[in-house]
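*Asks:* File name final.txt; file contents compact mmCIF, C-alpha atoms and all ligand atoms; full text below.
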# COMPACT_ATOMS: atom_id res chain seq x y z
CA MET A 1168 -11.08 -31.34 -24.08
CA ASP A 1169 -8.87 -29.88 -26.78
CA LEU A 1170 -5.37 -29.52 -25.37
CA THR A 1171 -3.79 -27.85 -28.39
CA PHE A 1172 -3.08 -24.14 -28.54
CA GLY A 1173 -4.41 -22.06 -31.41
CA ASP A 1174 -2.39 -20.07 -33.98
CA GLU A 1175 -2.60 -16.84 -31.98
CA ASP A 1176 -1.26 -18.58 -28.87
CA GLU A 1177 1.55 -20.21 -30.81
CA ALA A 1178 2.48 -16.82 -32.30
CA PHE A 1179 2.56 -15.42 -28.77
CA ARG A 1180 4.82 -18.30 -27.73
CA ALA A 1181 7.18 -17.62 -30.64
CA GLU A 1182 7.34 -13.92 -29.76
CA CYS A 1183 8.18 -14.48 -26.10
CA ARG A 1184 10.62 -17.26 -26.90
CA ALA A 1185 12.50 -14.97 -29.31
CA TRP A 1186 12.57 -12.10 -26.79
CA LEU A 1187 13.83 -14.34 -24.01
CA ALA A 1188 16.49 -15.89 -26.27
CA ALA A 1189 17.77 -12.40 -27.04
CA ASN A 1190 17.59 -11.00 -23.51
CA VAL A 1191 18.02 -13.61 -20.76
CA PRO A 1192 21.44 -13.03 -19.15
CA ALA A 1193 23.99 -15.59 -20.36
CA ALA A 1194 25.24 -16.27 -16.83
CA PRO A 1195 22.77 -16.72 -13.95
CA LEU A 1196 22.35 -13.64 -11.75
CA PRO A 1197 23.53 -13.89 -8.13
CA SER A 1198 20.83 -14.91 -5.64
CA GLY A 1199 17.96 -12.41 -5.47
CA ASP A 1200 17.97 -12.97 -1.70
CA THR A 1201 21.14 -10.90 -1.28
CA SER A 1202 21.33 -7.13 -1.49
CA ASP A 1203 23.55 -7.06 -4.58
CA GLY A 1204 21.69 -9.92 -6.28
CA PHE A 1205 18.34 -8.29 -5.57
CA ALA A 1206 19.48 -5.04 -7.21
CA GLN A 1207 20.53 -6.98 -10.33
CA HIS A 1208 17.19 -8.76 -10.40
CA VAL A 1209 15.37 -5.44 -10.20
CA GLU A 1210 17.32 -4.27 -13.28
CA TRP A 1211 16.12 -7.40 -15.05
CA GLU A 1212 12.53 -6.72 -13.96
CA LYS A 1213 12.79 -3.22 -15.44
CA LEU A 1214 13.98 -4.66 -18.72
CA LEU A 1215 11.00 -7.04 -18.74
CA PHE A 1216 8.72 -4.08 -18.08
CA ALA A 1217 10.27 -1.92 -20.79
CA ASP A 1218 9.29 -4.51 -23.41
CA ARG A 1219 5.95 -5.26 -21.70
CA TRP A 1220 6.81 -8.74 -20.49
CA SER A 1221 6.64 -8.12 -16.76
CA VAL A 1222 2.88 -8.66 -16.31
CA VAL A 1223 1.61 -10.09 -19.58
CA SER A 1224 -1.91 -10.91 -18.39
CA TRP A 1225 -2.66 -7.45 -16.96
CA PRO A 1226 -4.60 -4.85 -18.94
CA GLU A 1227 -2.46 -2.63 -21.15
CA GLU A 1228 -3.15 0.52 -19.12
CA TYR A 1229 -1.28 -1.02 -16.20
CA GLY A 1230 1.72 -2.14 -18.24
CA GLY A 1231 0.49 -5.56 -19.41
CA ARG A 1232 -0.48 -7.02 -22.78
CA GLY A 1233 -4.02 -8.08 -21.92
CA ALA A 1234 -2.89 -11.67 -22.59
CA SER A 1235 -5.27 -14.52 -21.77
CA LEU A 1236 -4.61 -16.87 -18.86
CA TRP A 1237 -3.62 -19.51 -21.42
CA GLN A 1238 -1.03 -17.13 -22.82
CA TRP A 1239 0.19 -16.35 -19.33
CA LEU A 1240 0.82 -20.10 -18.87
CA ILE A 1241 2.71 -20.14 -22.17
CA PHE A 1242 4.79 -17.16 -21.07
CA GLU A 1243 5.64 -18.88 -17.79
CA GLU A 1244 6.58 -22.09 -19.61
CA GLU A 1245 8.89 -20.20 -21.95
CA TYR A 1246 10.30 -18.10 -19.11
CA TYR A 1247 11.46 -21.10 -17.11
CA ARG A 1248 12.50 -23.01 -20.22
CA ALA A 1249 14.85 -20.13 -21.07
CA GLY A 1250 16.36 -20.24 -17.56
CA ALA A 1251 15.36 -16.62 -16.94
CA PRO A 1252 15.97 -15.04 -13.49
CA GLN A 1253 13.79 -15.67 -10.46
CA ARG A 1254 11.03 -13.02 -10.15
CA VAL A 1255 11.87 -10.93 -7.08
CA THR A 1256 8.64 -8.99 -7.71
CA GLN A 1257 6.54 -12.09 -7.20
CA ASN A 1258 4.89 -11.07 -3.92
CA GLY A 1259 3.55 -8.00 -5.66
CA ILE A 1260 2.67 -9.21 -9.13
CA PHE A 1261 1.45 -12.71 -8.25
CA LEU A 1262 -0.08 -12.24 -4.77
CA LEU A 1263 -1.00 -8.62 -4.15
CA ALA A 1264 -1.99 -7.63 -7.69
CA PRO A 1265 -4.83 -10.19 -8.03
CA THR A 1266 -6.10 -8.86 -4.68
CA PHE A 1267 -5.98 -5.29 -6.03
CA PHE A 1268 -7.96 -6.36 -9.06
CA GLU A 1269 -10.60 -7.88 -6.77
CA PHE A 1270 -10.73 -5.37 -3.89
CA GLY A 1271 -8.81 -2.21 -4.90
CA THR A 1272 -10.48 1.12 -5.54
CA GLN A 1273 -9.93 2.67 -8.98
CA GLU A 1274 -7.50 5.17 -7.42
CA GLN A 1275 -5.53 2.36 -5.78
CA LYS A 1276 -5.32 0.37 -9.00
CA ASP A 1277 -4.25 3.41 -11.01
CA HIS A 1278 -1.63 4.37 -8.45
CA TYR A 1279 -0.14 1.04 -7.42
CA LEU A 1280 -0.39 -1.35 -10.37
CA PRO A 1281 1.78 0.54 -12.92
CA ARG A 1282 4.45 1.13 -10.27
CA MET A 1283 4.39 -2.54 -9.35
CA ALA A 1284 4.63 -3.63 -12.99
CA ALA A 1285 7.62 -1.31 -13.48
CA ALA A 1286 9.38 -2.68 -10.35
CA ASP A 1287 9.35 0.84 -8.88
CA ASP A 1288 7.46 -0.45 -5.84
CA LEU A 1289 8.73 -3.77 -4.48
CA TRP A 1290 6.31 -5.55 -2.18
CA CYS A 1291 6.78 -7.93 0.72
CA GLN A 1292 4.16 -9.87 2.64
CA GLY A 1293 3.52 -9.09 6.31
CA TRP A 1294 1.41 -11.94 7.64
CA SER A 1295 3.49 -13.96 10.11
CA GLU A 1296 4.33 -12.77 13.59
CA PRO A 1297 6.50 -14.34 16.28
CA ASN A 1298 3.39 -15.97 17.79
CA ALA A 1299 1.17 -16.33 14.75
CA GLY A 1300 2.04 -18.40 11.68
CA SER A 1301 -0.39 -21.17 10.78
CA ASP A 1302 -2.86 -19.55 13.10
CA LEU A 1303 -2.94 -16.31 11.15
CA ALA A 1304 -6.09 -15.13 12.90
CA GLY A 1305 -4.01 -15.06 16.09
CA ILE A 1306 -2.04 -11.96 15.03
CA THR A 1307 -1.64 -9.26 17.66
CA SER A 1308 -0.11 -6.39 15.64
CA ARG A 1309 -2.67 -3.67 15.92
CA ALA A 1310 -3.84 -0.50 14.23
CA VAL A 1311 -5.38 2.26 16.34
CA ARG A 1312 -7.54 4.95 14.75
CA ASP A 1313 -6.02 8.44 14.54
CA GLU A 1314 -9.11 10.50 13.80
CA ALA A 1315 -7.31 13.84 13.67
CA MET A 1316 -4.86 12.62 11.03
CA GLY A 1317 -7.40 10.58 9.05
CA GLY A 1318 -5.68 7.24 9.34
CA TRP A 1319 -4.27 4.55 11.61
CA ARG A 1320 -1.25 4.01 13.86
CA LEU A 1321 0.39 0.58 13.53
CA THR A 1322 2.20 -1.17 16.37
CA GLY A 1323 3.63 -4.69 16.51
CA GLN A 1324 6.03 -7.03 14.76
CA LYS A 1325 6.00 -9.11 11.58
CA THR A 1326 8.53 -11.85 10.89
CA TRP A 1327 9.78 -14.17 8.10
CA THR A 1328 9.17 -11.32 5.69
CA THR A 1329 10.69 -12.62 2.45
CA ARG A 1330 13.16 -10.13 0.96
CA GLY A 1331 11.76 -7.53 3.36
CA ALA A 1332 15.21 -6.01 3.77
CA PHE A 1333 15.25 -5.00 0.08
CA CYS A 1334 11.61 -4.12 -0.57
CA THR A 1335 9.93 -0.71 -0.54
CA ASP A 1336 6.40 -1.61 0.66
CA LEU A 1337 4.63 -4.19 2.78
CA PHE A 1338 1.07 -5.52 2.67
CA GLY A 1339 -0.15 -6.98 5.92
CA LEU A 1340 -2.92 -7.65 8.37
CA PHE A 1341 -3.40 -5.64 11.55
CA ARG A 1342 -6.03 -5.90 14.27
CA THR A 1343 -8.30 -2.86 14.15
CA ASP A 1344 -11.01 -4.11 16.53
CA PRO A 1345 -9.58 -5.94 19.55
CA GLU A 1346 -13.11 -6.61 20.87
CA ALA A 1347 -14.21 -8.54 17.77
CA SER A 1348 -13.81 -12.31 17.38
CA ARG A 1349 -10.50 -13.54 15.96
CA HIS A 1350 -11.28 -13.46 12.23
CA LYS A 1351 -13.23 -10.24 12.45
CA GLY A 1352 -11.71 -6.91 13.34
CA LEU A 1353 -8.68 -7.36 11.05
CA THR A 1354 -7.78 -4.84 8.34
CA TYR A 1355 -5.48 -5.16 5.32
CA PHE A 1356 -2.92 -2.31 5.17
CA LEU A 1357 -0.48 -1.14 2.50
CA VAL A 1358 2.58 0.27 4.25
CA PRO A 1359 5.58 2.07 2.71
CA LEU A 1360 8.60 0.71 4.56
CA ASP A 1361 10.15 4.17 4.86
CA THR A 1362 7.25 5.32 7.04
CA GLU A 1363 8.41 6.88 10.30
CA GLY A 1364 8.08 4.29 13.08
CA VAL A 1365 8.81 1.30 10.80
CA THR A 1366 12.11 -0.55 11.33
CA VAL A 1367 13.25 -3.35 9.02
CA ARG A 1368 15.93 -5.72 10.26
CA GLY A 1369 17.35 -8.31 7.83
CA VAL A 1370 17.78 -11.88 9.08
CA GLY A 1371 20.58 -14.07 7.74
CA ARG A 1372 19.70 -17.61 6.63
CA LEU A 1373 21.81 -20.73 7.12
CA ASP A 1374 22.88 -20.56 3.47
CA GLY A 1375 24.29 -17.06 4.05
CA ASP A 1376 21.62 -15.14 2.12
CA GLU A 1377 19.68 -12.41 3.88
CA GLY A 1378 16.38 -13.67 2.50
CA PHE A 1379 14.18 -12.72 5.47
CA ALA A 1380 13.49 -9.66 7.57
CA GLU A 1381 11.70 -8.79 10.77
CA VAL A 1382 9.60 -5.64 10.54
CA PHE A 1383 8.80 -3.57 13.64
CA PHE A 1384 6.01 -0.98 13.86
CA GLU A 1385 6.00 1.67 16.57
CA ASP A 1386 3.03 3.99 16.21
CA ALA A 1387 3.63 4.17 12.45
CA PHE A 1388 1.01 6.31 10.73
CA VAL A 1389 -0.76 5.20 7.52
CA PRO A 1390 -3.62 7.14 5.94
CA ASP A 1391 -7.07 5.68 5.24
CA ALA A 1392 -6.20 5.52 1.54
CA ASN A 1393 -3.72 2.71 2.37
CA ILE A 1394 -6.42 0.23 3.35
CA LEU A 1395 -7.24 -2.49 0.82
CA GLY A 1396 -10.87 -3.59 1.10
CA ASP A 1397 -12.97 -2.41 4.03
CA VAL A 1398 -11.97 -1.66 7.61
CA HIS A 1399 -12.37 -4.80 9.80
CA GLN A 1400 -12.86 -6.94 6.67
CA GLY A 1401 -9.19 -7.82 6.17
CA TRP A 1402 -9.59 -11.56 6.70
CA GLY A 1403 -11.63 -11.96 3.52
CA VAL A 1404 -9.16 -9.83 1.56
CA ALA A 1405 -6.21 -11.82 2.92
CA MET A 1406 -7.88 -15.10 1.95
CA ALA A 1407 -8.00 -13.86 -1.65
CA THR A 1408 -4.24 -13.25 -1.47
CA THR A 1409 -3.54 -16.70 0.00
CA SER A 1410 -5.69 -18.31 -2.64
CA SER A 1411 -3.42 -16.76 -5.31
CA GLU A 1412 -0.37 -17.90 -3.36
CA ARG A 1413 -1.54 -21.49 -3.13
CA GLY A 1414 -3.36 -21.65 -6.43
CA LEU A 1415 -2.52 -20.65 -9.92
CA THR A 1416 -0.13 -17.77 -9.85
CA LEU A 1417 2.82 -18.31 -7.51
CA ARG A 1418 4.12 -21.62 -8.86
CA SER A 1419 3.12 -22.21 -12.46
CA PRO A 1420 3.72 -25.63 -14.08
CA GLY A 1421 6.39 -24.15 -16.35
CA ARG A 1422 8.75 -23.94 -13.38
CA PHE A 1423 8.53 -27.68 -12.73
CA MET A 1424 8.47 -28.72 -16.38
CA ALA A 1425 11.76 -26.86 -16.81
CA ALA A 1426 13.18 -28.41 -13.63
CA THR A 1427 12.29 -31.94 -14.74
CA ALA A 1428 13.71 -31.28 -18.23
CA ARG A 1429 16.97 -30.32 -16.49
CA LEU A 1430 16.68 -33.45 -14.35
CA VAL A 1431 16.37 -35.66 -17.43
CA ASP A 1432 19.43 -33.92 -18.86
CA LEU A 1433 21.27 -34.56 -15.58
CA TYR A 1434 20.27 -38.22 -15.78
CA ARG A 1435 21.78 -38.42 -19.26
CA ARG A 1436 25.04 -36.96 -17.94
CA HIS A 1437 25.24 -38.65 -14.52
CA GLY A 1438 22.69 -41.46 -14.42
CA ALA A 1439 24.55 -44.29 -16.12
CA THR A 1440 25.44 -46.03 -12.85
CA GLY A 1441 22.38 -44.90 -10.91
CA GLY A 1442 20.33 -48.08 -11.33
CA ALA A 1443 16.64 -48.61 -11.89
CA THR A 1444 15.42 -46.89 -8.72
CA LEU A 1445 16.97 -43.56 -9.63
CA ARG A 1446 15.81 -43.87 -13.23
CA ASP A 1447 12.26 -44.47 -11.97
CA GLN A 1448 12.48 -41.40 -9.72
CA VAL A 1449 13.49 -39.26 -12.70
CA ILE A 1450 10.64 -40.62 -14.84
CA GLN A 1451 8.15 -40.18 -12.00
CA ALA A 1452 9.26 -36.57 -11.44
CA TRP A 1453 8.80 -35.82 -15.14
CA MET A 1454 5.33 -37.41 -15.13
CA ASP A 1455 4.38 -35.48 -11.97
CA ALA A 1456 5.27 -32.18 -13.64
CA GLU A 1457 3.20 -33.15 -16.71
CA ALA A 1458 0.29 -34.10 -14.45
CA TYR A 1459 0.54 -30.73 -12.70
CA GLN A 1460 0.44 -29.00 -16.08
CA LEU A 1461 -2.74 -30.88 -17.06
CA TYR A 1462 -4.34 -30.22 -13.68
CA THR A 1463 -3.57 -26.52 -14.08
CA LEU A 1464 -5.22 -26.48 -17.50
CA ARG A 1465 -8.37 -27.66 -15.75
CA ASP A 1466 -8.04 -24.86 -13.18
CA VAL A 1467 -7.60 -22.28 -15.93
CA THR A 1468 -10.62 -23.67 -17.77
CA ASP A 1469 -12.64 -23.22 -14.58
CA ILE A 1470 -11.42 -19.67 -14.04
CA VAL A 1471 -11.98 -18.65 -17.66
CA GLU A 1472 -15.53 -20.03 -17.44
CA GLY A 1473 -16.20 -18.13 -14.22
CA ARG A 1474 -15.80 -20.90 -11.63
CA SER A 1475 -13.36 -20.33 -8.78
CA PRO A 1476 -11.12 -23.23 -7.73
CA GLY A 1477 -11.65 -22.02 -4.12
CA ALA A 1478 -10.29 -24.37 -1.45
CA ARG A 1479 -8.98 -26.66 -4.20
CA SER A 1480 -6.01 -24.29 -4.47
CA SER A 1481 -4.71 -26.10 -1.36
CA LEU A 1482 -4.35 -29.24 -3.51
CA ASN A 1483 -2.12 -27.31 -5.94
CA LYS A 1484 0.08 -26.17 -3.11
CA LEU A 1485 0.43 -29.68 -1.70
CA TRP A 1486 1.29 -31.04 -5.11
CA TRP A 1487 3.89 -28.52 -6.27
CA SER A 1488 5.66 -28.24 -2.93
CA GLU A 1489 6.06 -32.00 -2.45
CA MET A 1490 6.91 -32.57 -6.11
CA ASP A 1491 9.68 -29.96 -5.85
CA VAL A 1492 11.30 -31.87 -2.99
CA ARG A 1493 11.12 -35.14 -4.96
CA ILE A 1494 12.66 -33.54 -8.08
CA HIS A 1495 15.63 -32.30 -6.06
CA GLU A 1496 16.01 -35.55 -4.13
CA ALA A 1497 16.23 -37.42 -7.43
CA ALA A 1498 18.89 -34.97 -8.66
CA LEU A 1499 20.99 -35.33 -5.51
CA GLY A 1500 20.65 -39.11 -5.79
CA LEU A 1501 22.07 -38.94 -9.32
CA LEU A 1502 24.92 -36.71 -8.23
CA GLY A 1503 25.94 -38.64 -5.11
CA PRO A 1504 28.81 -36.87 -3.28
CA LEU A 1505 29.18 -34.38 -6.18
CA GLY A 1506 25.83 -32.90 -5.14
CA GLU A 1507 27.41 -31.52 -1.99
CA LEU A 1508 29.93 -29.32 -3.81
CA VAL A 1509 29.14 -25.62 -3.53
CA ASP A 1510 28.87 -23.30 -6.51
CA ASP A 1511 32.53 -22.29 -6.90
CA ALA A 1512 34.06 -25.74 -6.27
CA PRO A 1513 36.00 -26.86 -9.39
CA ASP A 1514 33.97 -30.09 -9.83
CA ALA A 1515 30.59 -28.63 -8.88
CA VAL A 1516 27.86 -29.73 -11.30
CA ASP A 1517 25.56 -27.01 -12.66
CA ALA A 1518 27.25 -24.54 -10.26
CA GLY A 1519 25.86 -26.34 -7.20
CA ALA A 1520 22.32 -25.34 -8.19
CA TRP A 1521 20.75 -28.70 -7.27
CA MET A 1522 21.81 -28.54 -3.63
CA LYS A 1523 20.71 -24.92 -3.34
CA GLY A 1524 17.42 -25.85 -5.00
CA PHE A 1525 17.01 -28.83 -2.67
CA GLN A 1526 17.50 -26.65 0.41
CA PHE A 1527 14.92 -24.18 -0.86
CA SER A 1528 12.51 -26.96 -1.83
CA LEU A 1529 12.41 -28.05 1.82
CA SER A 1530 10.76 -24.75 2.71
CA GLY A 1531 7.96 -25.33 0.15
CA PRO A 1532 5.87 -27.43 2.56
CA ILE A 1533 6.13 -24.56 5.08
CA TYR A 1534 5.60 -21.25 3.25
CA ALA A 1535 2.26 -20.27 1.70
CA GLY A 1536 0.64 -22.12 4.62
CA THR A 1537 2.12 -25.41 5.87
CA ASN A 1538 1.11 -28.64 4.19
CA GLU A 1539 -0.49 -29.91 7.40
CA ILE A 1540 -2.80 -26.91 7.27
CA GLN A 1541 -3.48 -27.49 3.55
CA ARG A 1542 -4.42 -31.11 4.33
CA ASN A 1543 -6.85 -29.87 6.97
CA ILE A 1544 -8.40 -27.49 4.42
CA VAL A 1545 -8.68 -30.21 1.78
CA ALA A 1546 -10.19 -32.63 4.31
CA GLU A 1547 -12.79 -30.18 5.56
CA ARG A 1548 -13.58 -27.96 2.60
CA VAL A 1549 -12.91 -30.10 -0.46
CA LEU A 1550 -13.78 -33.57 0.87
CA GLY A 1551 -16.34 -32.36 3.42
CA LEU A 1552 -14.93 -34.45 6.27
CA PRO A 1553 -15.90 -33.51 9.84
CA ARG A 1554 -13.58 -31.12 11.74
CA LYS A 1555 -12.97 -33.62 14.55
C1 LIG R 1 10.82 -19.70 2.76
C2 LIG R 1 9.76 -19.05 3.60
C3 LIG R 1 9.28 -17.80 3.25
C4 LIG R 1 8.32 -17.18 4.03
N1 LIG R 1 7.91 -15.92 3.67
C5 LIG R 1 6.99 -15.28 4.43
C6 LIG R 1 6.59 -13.96 4.08
O1 LIG R 1 7.07 -13.36 3.12
N2 LIG R 1 5.67 -13.33 4.87
C7 LIG R 1 5.11 -13.95 5.95
O2 LIG R 1 4.26 -13.35 6.60
N3 LIG R 1 5.49 -15.21 6.32
C8 LIG R 1 6.42 -15.89 5.58
N4 LIG R 1 6.83 -17.15 5.94
C9 LIG R 1 6.32 -17.74 7.17
C10 LIG R 1 5.32 -18.85 6.94
O3 LIG R 1 4.10 -18.32 6.46
C11 LIG R 1 5.13 -19.59 8.28
O4 LIG R 1 6.37 -20.20 8.59
C12 LIG R 1 4.05 -20.64 8.18
O5 LIG R 1 2.78 -20.06 8.03
C13 LIG R 1 4.03 -21.53 9.46
O6 LIG R 1 3.95 -20.76 10.60
P1 LIG R 1 4.99 -20.97 11.80
O7 LIG R 1 6.36 -20.95 11.23
O8 LIG R 1 4.65 -20.00 12.85
O9 LIG R 1 4.76 -22.46 12.29
P2 LIG R 1 3.59 -22.95 13.26
O10 LIG R 1 2.30 -22.37 12.82
O11 LIG R 1 4.03 -22.73 14.65
O12 LIG R 1 3.56 -24.50 12.94
C14 LIG R 1 4.52 -25.42 13.48
C15 LIG R 1 4.13 -26.82 13.00
O13 LIG R 1 2.84 -27.18 13.54
C16 LIG R 1 1.95 -27.56 12.48
N5 LIG R 1 0.58 -27.10 12.78
C17 LIG R 1 0.22 -25.88 13.24
N6 LIG R 1 -1.11 -25.82 13.38
C18 LIG R 1 -1.61 -27.01 12.97
C19 LIG R 1 -2.94 -27.56 12.85
N7 LIG R 1 -4.03 -26.84 13.16
N8 LIG R 1 -3.06 -28.82 12.38
C20 LIG R 1 -1.97 -29.56 12.04
N9 LIG R 1 -0.69 -29.09 12.13
C21 LIG R 1 -0.53 -27.84 12.58
C22 LIG R 1 2.49 -26.84 11.26
O14 LIG R 1 2.10 -27.51 10.06
C23 LIG R 1 3.99 -26.92 11.47
O15 LIG R 1 4.48 -28.16 11.06
C24 LIG R 1 7.79 -17.81 5.18
C25 LIG R 1 8.26 -19.09 5.54
C26 LIG R 1 9.24 -19.69 4.78
C27 LIG R 1 9.75 -21.05 5.20
Written as structure tokens, that's how I'd like the structure from this file.
*Replies:*
Amino acid sequence: MDLTFGDEDEAFRAECRAWLAANVPAAPLPSGDTSDGFAQHVEWEKLLFADRWSVVSWPEEYGGRGASLWQWLIFEEEYYRAGAPQRVTQNGIFLLAPTFFEFGTQEQKDHYLPRMAAADDLWCQGWSEPNAGSDLAGITSRAVRDEAMGGWRLTGQKTWTTRGAFCTDLFGLFRTDPEASRHKGLTYFLVPLDTEGVTVRGVGRLDGDEGFAEVFFEDAFVPDANILGDVHQGWGVAMATTSSERGLTLRSPGRFMAATARLVDLYRRHGATGGATLRDQVIQAWMDAEAYQLYTLRDVTDIVEGRSPGARSSLNKLWWSEMDVRIHEAALGLLGPLGELVDDAPDAVDAGAWMKGFQFSLSGPIYAGTNEIQRNIVAERVLGLPRK
């Protein structure tokens, strides 16, 4: 395997590196999980879009550059290397958009994709319910046919909706055939959050950010045009979305390569008295990020050559989520008591980012499907072990 990039790819790298150097805000933006911080992140997303950096791998007619998957990886690497802001559009551009490309009608693609690329529509994910998380097929939110209006009436509740309080639209699963077996009779809906009968209630997190919302539906009407894929076939459509979430797009290697580069830098500043164990943790974290990069190159090779990684995307998710915890544990080990200082404390290191990152990393083994569930999938569908 040839692991070097060609001249065209290196020119692409130089172009995005130069743009990022000129445009990434000098000071980090406030958390995108707060109302004010989210608004600032949306401004950043619009700047990315204006210079066609928001969705580089999409076709040009939807606001992209038609870049290859290899170039997308390069962009991601450069993006994180430059310390650019977190993508608050990620649920749309990384999860929903690949599902549009696979299942959307031409009208849906033409309508939704450019608005998503421009950060005009901001999407949140409506899977989980108070009594259905890992067991997604157990959802009870339902959609009842309204023949006269040519659409469906949604009733029920979604929860843990990331940044739901700030978004404009939700994609989610609703039960359209209560008589069908659990995985059948589900339909994938696209719901504007300002629809009459939809109520969004923000939920504060322990760290003070309002990163989640609960979304309530009371007879909310959506037209037939807002169904992605076929009626009652939503499970298959949703699995395509989860495969993007666990696989290539949500957490690219660039994110972890940048984090481990920062960790090595932290070691140089704070590691002198840390001893061999901490040094080994830092080296291991760096090697893990490199290994993830190489593994991803294999995935991209498969995709480019027409093979789908399928259930193997669960391995990606296990790897990046557990690696992220280890990276942050190593950093907090280096910092000792300093790691507990919050962002505006006078002696806080890197504005308290390592502790905040550590707290978020702990949710990695939960969101995008818990790691216990991913291990079940790997056992059954990658290794072929028996279910019991
Ligand atoms: C940061 C964050 C962001 C999120 N964002 C969203 C979002 O935007 N939209 C959305 O819809 N949801 C979101 N979620 C919710 C997330 O998808 C669920 O928390 C997750 O699917 C687990 O569901 P649950 O919380 O109901 O836990 P449960 O399913 O009740 O699981 C509880 C525990 O039991 C284990 N368990 C359950 N079933 C099995 C089994 N069969 N075998 C072995 N172990 C099992 C689980 O692994 C877990 O440890 C988010 C969660 C987090 C933490």
*Asks:* List the neighbours of stretch 1435-1443 of chain A out to 12 Å using all atoms listed in the file; skip same-chain residues closer than 2 positions along the sequence, and give me the result as an NGL selection string.
*Replies:* :A and (1428-1433 or 1445-1451 or 1497-1506 or 1516-1517)
*Asks:* Step by step, measure atom-to-atom distances between ligand LIG 1 (chain R) and each residue using all atoms listed in the file, keep those at most 8 Å, then write them as number ranges by chain.
*Replies:* A: 1258, 1291-1303, 1325-1331, 1339, 1379, 1527, 1530-1540, 1543
*Asks:* How far is it from atom CA of A:Cys1183 to atom CA of A:Phe1333, in Å with one decimal?
*Replies:* 28.7 Å
*Asks:* Between A:Ile1470, A:Ala1458, A:Val1389, A:Ala1407, which one has atoms that come closest to A:Trp1486, using only C-alpha atoms?
*Replies:*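 Nearest candidate to A:Trp1486 out of A:Ile1470, A:Ala1458, A:Val1389, A:Ala1407: A:Ala1458.
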*Asks:* Env of A:Arg1368: 8 Å cut, atoms = all atoms listed in the file, seq-sep filter 2 positions within chain, self excluded. Answer as a list in words.
*Replies:*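 Close residues of A:Arg1368: Ala1332, Thr1366, Val1370, Ala1380, Glu1381 and Val1382 of chain A.
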*Asks:* Pick the closest to A:Arg1422 from A:Gln1460, A:Thr1468, A:Ser1410, A:Gln1238: which is it, counting only C-alpha atoms?
*Replies:*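 Distance minimum relative to A:Arg1422 lands on A:Gln1460.
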*Asks:* Quick one: residues within 12 Å of stretch 1462-1466 of chain A, all atoms listed in the file, excluding same-chain residues fewer than 2 positions away - as number ranges by chain?
*Replies:* A: 1168-1172, 1236-1241, 1414-1416, 1418-1421, 1455-1460, 1468-1480, 1482-1484, 1486-1487
*Asks:* At most 9 Å is the cut-off: for each residue in stretch 1381-1485 of chain A with any atom that close to an atom of stretch 1272-1278 of chain A, write down the nearest atom pair and the distance in Å rounded to one decimal, counting only C-alpha atoms, chain first then increasing number, as CSV.
*Replies:*
residue,atom,partner,partner_atom,distance
A:Ala1392,CA,A:Gln1275,CA,8.0
A:Asn1393,CA,A:Gln1275,CA,8.4
A:Leu1395,CA,A:Thr1272,CA,8.0
A:Gly1396,CA,A:Thr1272,CA,8.2
*Asks:* Which polymer residues have any atom within 8 Å of an atom of stretch 1224-1235 of chain A, counting all atoms listed in the file, with same-chain residues fewer than 5 positions away left out, as a list of chain:residue names?
*Replies:*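 Counting all atoms listed in the file, the residues come to A:Phe1216, A:Arg1219, A:Asp1277, A:Leu1280, A:Pro1281, A:Ala1284, A:Ala1285.
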*Asks:* Keeping C-alpha atoms, export the residues of the selection given above as a PDB file, in the frame of the given file.
*Replies:*
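This went into result33.pdb:
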ATOM      1  CA  PHE A1216       8.720  -4.080 -18.080  1.00  0.00           C
ATOM      2  CA  ARG A1219       5.950  -5.260 -21.700  1.00  0.00           C
ATOM      3  CA  ASP A1277      -4.250   3.410 -11.010  1.00  0.00           C
ATOM      4  CA  LEU A1280      -0.390  -1.350 -10.370  1.00  0.00           C
ATOM      5  CA  PRO A1281       1.780   0.540 -12.920  1.00  0.00           C
ATOM      6  CA  ALA A1284       4.630  -3.630 -12.990  1.00  0.00           C
ATOM      7  CA  ALA A1285       7.620  -1.310 -13.480  1.00  0.00           C
TER       8      ALA A1285
END
*Asks:* Report the distance between atom CA of A:Thr1408 and atom CA of A:Phe1341 in Å, rounded to one decimal place.
*Replies:*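 Going from atom CA of A:Thr1408 over to atom CA of A:Phe1341 covers 15.1 Å.
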*Asks:* I'd like to know which of A:Glu1377, A:Thr1256, A:Thr1266, A:Glu1346 is closest to A:Ser1202, using all atoms listed in the file.
*Replies:*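 Looking only at the distances to A:Ser1202, the closest residue turns out to be A:Glu1377.
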*Asks:* A:His1399, A:Arg1282, A:Arg1413, A:Arg1342: which is nearest A:Val1222, counting all atoms listed in the file?
*Replies:* A:Arg1282
*Asks:* By how many Å are atom CA of A:Gly1305 and atom CA of A:Gly1317 apart?
*Replies:*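 Taking atom CA of A:Gly1305 and atom CA of A:Gly1317, their separation equals 26.8 Å.
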*Asks:* Show me, as a list in words, the residues that have an atom within 10 Å of A:Phe1525 when counting only C-alpha atoms, minus same-chain residues fewer than 3 positions from it.
*Replies:*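 So, after excluding close chain neighbours, the residues are Asp1491, Val1492, Arg1493, Ile1494, His1495, Glu1496, Ala1497, Ala1498, Leu1499, Ala1520, Trp1521, Met1522, Ser1528, Leu1529 and Ser1530 of chain A.
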*Asks:* Box in all listed atoms of stretch 1455-1469 of chain A, axis-aligned, with 8 Å more on each side; write out centre and edge lengths in Å to one decimal as lines of an AutoDock Vina configuration file.
*Replies:*
center_x = -3.7
center_y = -28.9
center_z = -14.9
size_x = 33.9
size_y = 29.2
size_z = 21.8
